[in-house]
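Remarks on the structure that follows.
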Amino acid sequence: MKPFRSGATPGHPYLLLTLTALFWAGNMVMGRAIRADVPPIALAFWRWVIALALVLPLALPHLRTQWPLLRKAWRPVLILGAVGIGGYNTFAYIALQYTTATSATLLNSFIPVATIALAFLLLGKRLSAMEGWGVLVSLFGVLTLVSHGSLQTLLGLSLNTGDLWMLTAVLTWGLYTVGLQWRPQGVDPMLMLAAFTMVGLIVLAPVYAWELSSGRSINPSLQAIGGILYTGVFPGFLGYVFYNAGVAAVGPNRSSLFIHLMPVFATILAALFLDERPYWYHFAGIGLVFAGILLTTRKPAS
């Protein structure tokens, strides 16, 4: 299989990746906020049902002409759908049932490191010196944010069951990001996302049935319904469309670095909607994250 290359991207890739991080930061906040009303597998399942309903009208016109390409590349389609749709968010929602938002955000921010390591192992991709410094600076900014600027707080963080689920999610997303290089060429992005989503739902369906049989069901409150709709439309549909386009345009290493924007946006969203007061370490961490991204995405001198 040859790596996927995209000739056209709908919008500037860095803007698309930034919006993806914004949507996904809201996804983490929402997943934590509605955990009492919506079990984790139910949230993952209905999120993707909504996303599939949005993408199908855009995907179906391409199905007849591009079905042979999908069928020929059934292995990467199955793997990417299982890990990217069926895996990452499900593991993250389970993690948020058990671990603190601080620990989950910290562990999620290791996605760029995992992606870079997997890209090296599977694709032979290496970082330039400037990209390496950018990753380190940005990661230090994330650590500043989640530790509240305190080394004692950072050293006091310990792994629990939820943290282990979050580490599984991190590895899963790294595999998905690197695996996007092997998407079949010539397939419309909407049709590809629809194929991934259908595979993910097939994977989730029996697990969701098990969750229901164990007595865990959705409490249909206004907050719960609104939260499910948000996760389906923005993180589920638009987030994956934008992220896939970003990876196709700039590669897995640079794309994964934008995950570091999630705690930045989470801090801003908490200040706006939860009335949480920002402190000096929020501004220091945000500044370091942006500095790291600028270092990594700047064009080398001629």
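Residues are referred to by chain and number: the chain letter is A, B, ... according to the order shown in the structure tokens, the number counts from 1 in that chain, and ligands are numbered separately from 1 in the order shown.
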| query | Out of range 128-294 of chain A, which residues get helix (DSSP H, G or I) from DSSP, as number ranges by chain? | reply | A: 129-146, 151-156, 161-182, 189-213, 222-250, 252-273, 280-294
With only C-alpha atoms as the counted atoms, please give the residues lying no more than 9 Å from Phe23 in chain A, apart from itself and same-chain residues fewer than 6 positions off, as a JSON list (two decimals) with all heavy atoms, in the first residue's frame.
```json
[["chain", "number", "residue", "atom", "x", "y", "z"],
["A", 231, "THR", "N", -21.63, 16.36, 20.55],
["A", 231, "THR", "CA", -20.55, 15.43, 20.23],
["A", 231, "THR", "C", -20.69, 14.83, 18.84],
["A", 231, "THR", "O", -19.69, 14.54, 18.18],
["A", 231, "THR", "CB", -20.48, 14.28, 21.26],
["A", 231, "THR", "OG1", -21.71, 13.55, 21.25],
["A", 231, "THR", "CG2", -20.22, 14.82, 22.66],
["A", 234, "PHE", "N", -20.13, 18.37, 16.09],
["A", 234, "PHE", "CA", -18.86, 19.09, 16.06],
["A", 234, "PHE", "C", -17.64, 18.18, 16.22],
["A", 234, "PHE", "O", -16.85, 18.04, 15.27],
["A", 234, "PHE", "CB", -18.87, 20.22, 17.09],
["A", 234, "PHE", "CG", -19.83, 21.32, 16.73],
["A", 234, "PHE", "CD1", -21.12, 21.34, 17.26],
["A", 234, "PHE", "CD2", -19.47, 22.33, 15.86],
["A", 234, "PHE", "CE1", -22.01, 22.34, 16.92],
["A", 234, "PHE", "CE2", -20.35, 23.34, 15.50],
["A", 234, "PHE", "CZ", -21.63, 23.35, 16.03],
["A", 235, "PRO", "N", -17.43, 17.52, 17.36],
["A", 235, "PRO", "CA", -16.28, 16.61, 17.43],
["A", 235, "PRO", "C", -16.40, 15.42, 16.49],
["A", 235, "PRO", "O", -15.41, 14.97, 15.91],
["A", 235, "PRO", "CB", -16.27, 16.16, 18.89],
["A", 235, "PRO", "CG", -17.15, 17.11, 19.62],
["A", 235, "PRO", "CD", -18.16, 17.58, 18.64],
["A", 236, "GLY", "N", -17.63, 14.88, 16.33],
["A", 236, "GLY", "CA", -17.79, 13.67, 15.53],
["A", 236, "GLY", "C", -17.69, 13.92, 14.03],
["A", 236, "GLY", "O", -16.84, 13.34, 13.35],
["A", 238, "LEU", "N", -17.63, 17.26, 12.05],
["A", 238, "LEU", "CA", -16.70, 18.29, 11.57],
["A", 238, "LEU", "C", -15.28, 18.04, 12.03],
["A", 238, "LEU", "O", -14.32, 18.25, 11.28],
["A", 238, "LEU", "CB", -17.18, 19.67, 12.06],
["A", 238, "LEU", "CG", -18.48, 20.18, 11.46],
["A", 238, "LEU", "CD1", -18.87, 21.52, 12.08],
["A", 238, "LEU", "CD2", -18.37, 20.32, 9.94],
["A", 239, "GLY", "N", -15.10, 17.58, 13.28],
["A", 239, "GLY", "CA", -13.76, 17.34, 13.78],
["A", 239, "GLY", "C", -12.99, 16.32, 12.97],
["A", 239, "GLY", "O", -11.83, 16.52, 12.64],
["A", 262, "MET", "N", -5.71, 21.33, 22.84],
["A", 262, "MET", "CA", -6.92, 20.94, 23.57],
["A", 262, "MET", "C", -6.96, 21.48, 25.00],
["A", 262, "MET", "O", -7.97, 22.06, 25.40],
["A", 262, "MET", "CB", -7.08, 19.42, 23.54],
["A", 262, "MET", "CG", -7.54, 18.88, 22.19],
["A", 262, "MET", "SD", -7.73, 17.08, 22.16],
["A", 262, "MET", "CE", -9.00, 16.85, 23.41],
["A", 265, "PHE", "N", -7.71, 25.26, 24.84],
["A", 265, "PHE", "CA", -9.12, 25.58, 24.62],
["A", 265, "PHE", "C", -9.98, 25.16, 25.81],
["A", 265, "PHE", "O", -10.98, 25.82, 26.11],
["A", 265, "PHE", "CB", -9.61, 24.90, 23.34],
["A", 265, "PHE", "CG", -9.11, 25.56, 22.08],
["A", 265, "PHE", "CD1", -8.53, 24.81, 21.06],
["A", 265, "PHE", "CD2", -9.20, 26.93, 21.90],
["A", 265, "PHE", "CE1", -8.07, 25.41, 19.90],
["A", 265, "PHE", "CE2", -8.74, 27.54, 20.75],
["A", 265, "PHE", "CZ", -8.18, 26.78, 19.75]]
```
So that each row is one residue of range 70-168 of chain A with an atom at most 12 Å from range 48-56 of chain A, can you give its shortest atom pair and the distance in Å to one decimal, using only C-alpha atoms, rows by chain and rising number, as a tab-separated table?
```
residue	atom	partner	partner_atom	distance
A:Gly81	CA	A:Trp48	CA	11.3
A:Gly84	CA	A:Trp48	CA	11.4
A:Ile85	CA	A:Trp48	CA	7.8
A:Gly86	CA	A:Trp48	CA	9.0
A:Gly87	CA	A:Trp48	CA	11.8
A:Asn89	CA	A:Trp48	CA	10.2
A:Thr90	CA	A:Trp48	CA	10.7
```
| request: Identify, on the basis of only C-alpha atoms, every residue whose closest approach to Ala59 in chain A does not exceed 7 Å; exclude the query and any residue fewer than 4 positions from it along the same chain; express the result as a PyMOL selection string. | output: chain A and resi 55+63+190-191+194
| Neighbours of Ile41 in chain A within 7 Å (only C-alpha atoms; same-chain residues fewer than 2 positions away dropped), as a PyMOL selection string? | chain A and resi 39+43-45+90+208
| field | Who sits within 12 Å of Gly31 in chain A, only C-alpha atoms, same chain under 4 positions skipped, as a PyMOL selection string | value | chain A and resi 24-27+35-44+47+89-98+100-101+104+223-224+226-232+235
| Can you tell me how far CA of Gly285 in chain A sits from CA of Arg32 in chain A, in Å to one decimal? |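 These two atoms are separated by 22.3 Å.
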| range 287-289 of chain A surroundings by only C-alpha atoms, 9 Å radius, close-in-sequence under 5 positions cut, as a PyMOL selection string | chain A and resi 134-135+137-142+144+260-261+264+282+294
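Using only C-alpha atoms, the shortest contact distance between Pro61 in chain A and any of A:Leu269, A:Leu136, A:Val187, A:Ile218 is found at A:Val187.
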